[in-house]
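Quick notes on the structure that follows.
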Amino acid sequence: MYGDVSWCPSVTNGKILKPKILITRQVFPEVIDFLSAHAEMDYNAVDEVFTPGVLRKRARDVAGVMCCLTEKIDADFIDHCRQLKVVSNIAVGYNNIDVTACTQRGVIVTNTPGVLDDTTADLTFALLMAAARRVTESEAWLRSGKWEKSFAVQQMLGTDIHHASLGIVGMGRIGQAVAKRAAGFDMTVRYCNRTRLDAATEATLNVSYRSLEALLRESDFVVVMVPYSSATHHLIGAPEIALMKPHAILINTARGGVVDDEALIRALKQNSIAGAGLDVFENEPALNPEFLALKNLVMTPHIGSATRVTRLAMAMLAATNLRAVLTGESPPNWVNCSMPIFAH
Ligand code: GLV
């Protein structure tokens, strides 16, 4: 319990008053059923992304908001929502939320770590393999009717994945899940991270620690797995891409903005690296149009965790976090719990 339970369901004139919540995007019926027992909800079932003005209006008197990366939760928003106690993000990343502003106003922030690690690692590997073996480029060529000779020795030559070297930038849960997949391809795995893993974990994963610079110089494939923040903005920009091998391939399934899109476009145009696989972009869904013309790029529309099982698990976890706060309990995934204001 964190103390303030005044907005838990209460009884007035014999009627149970449930706390009001806003669910900003379409989720799953199971999640709605689960939450409706605990809250009176405003549900955006049509799934149009709210403008900031609509979001503010719909959230004005709610105790909880369950939202996605599409909703910007900033100080201005929180100041308009005087009843707000919890923002439950359906995502592990929460760079759409000003956590400091929430904390200063006593608003709990939650996220959905853990349940998406393997699914996101799978997609990371799918992009890596597709870029290395030119899968989407080959398919587009085939569909365009250009396949005339059944076989040609030099047709669509790609890059080997097995026995190649992989550099993982950011060795959290998802980075480690990527390393496990790489073991099956006999890859040599190096990683960099704010904190070095303990020796036993390094040995189990068969990975070795490098500086970012060394990792970029030594890797055939570089996978970016760090959360976005001001500290990781353009972590991979022109100087870093310049360190990569000419046959190297860069994969980003973390967040747009960690890679400098313009620098990457320049590198791919000049073939100063061989290719890239991107699931996330700066300013998504507004893509830099130059991406569309690049054959040495594989792109997906932010689907890293998009399997039914995983998205349901994420939405359920977000609902569980929200419900916990609404019933006066500590939510399982409390992002700002260590902030002094919540100390208990
Ligand atoms: C999705 O991008 C997430 O952060 O979960």
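Each chain of the structure tokens is named A, B, ... in the order shown, its residues numbered from 1; ligands are numbered from 1 in display order.
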Shell around range 334-341 of chain A at 12 Å using only C-alpha atoms, local window under 3 positions removed, as a ChimeraX atom specification:
/A:1-3,86-89,91-95,97-113,317-318,320-322,324-325,329-331,344
Which residues come within 12 Å of Asn252 in chain A, counting only C-alpha atoms, excluding same-chain residues fewer than 5 positions away, as number ranges by chain?
A: 120-121, 123-128, 131, 168-170, 175, 221-228, 234-236, 257-261, 264, 275-282, 297-304
For Lys245 in chain A: contacts at 7 Å, only C-alpha atoms, fewer than 4 positions along chain excluded, given as a PDB file with N, CA and C atoms, in the first residue's frame:
```
ATOM      1  N   ARG A 217      33.608  -1.103 -34.360  1.00  0.00           N
ATOM      2  CA  ARG A 217      34.700  -1.464 -35.280  1.00  0.00           C
ATOM      3  C   ARG A 217      34.743  -2.963 -35.557  1.00  0.00           C
ATOM      4  N   ASP A 220      30.153  -7.458 -37.356  1.00  0.00           N
ATOM      5  CA  ASP A 220      29.524  -7.576 -38.682  1.00  0.00           C
ATOM      6  C   ASP A 220      28.066  -7.113 -38.614  1.00  0.00           C
ATOM      7  N   ILE A 273      27.972   1.457 -45.133  1.00  0.00           N
ATOM      8  CA  ILE A 273      27.698   0.164 -44.489  1.00  0.00           C
ATOM      9  C   ILE A 273      26.795  -0.604 -45.463  1.00  0.00           C
TER      10      ILE A 273
END
```
Please identify which residues in range 63-264 of chain A DSSP calls strand (DSSP E or B) from the backbone, and express them as a PyMOL selection string.
chain A and resi 64-67+73+86-89+97+108-110+165-169+188-192+207-209+221-224+236+249-252+259
If you count only C-alpha atoms, which residues fall within 12 Å of Gly167 in chain A, apart from same-chain ones fewer than 2 positions away, as a ChimeraX atom specification?
/A:128,164-165,169-171,175-176,178-179,182,187-193,207-225,244-245,248-251
Looking at only C-alpha atoms, which of A:Asn44, A:Glu148, A:Lys72, A:Ile90 is the one that sits closest to Ala315 in chain A?
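Smallest separation from Ala315 in chain A among the options: A:Ile90.
Using only C-alpha atoms, the smallest distance between any of A:Gln154, A:Asn96, A:Asn283, A:Thr119 and Thr307 in chain A comes from A:Thr119.
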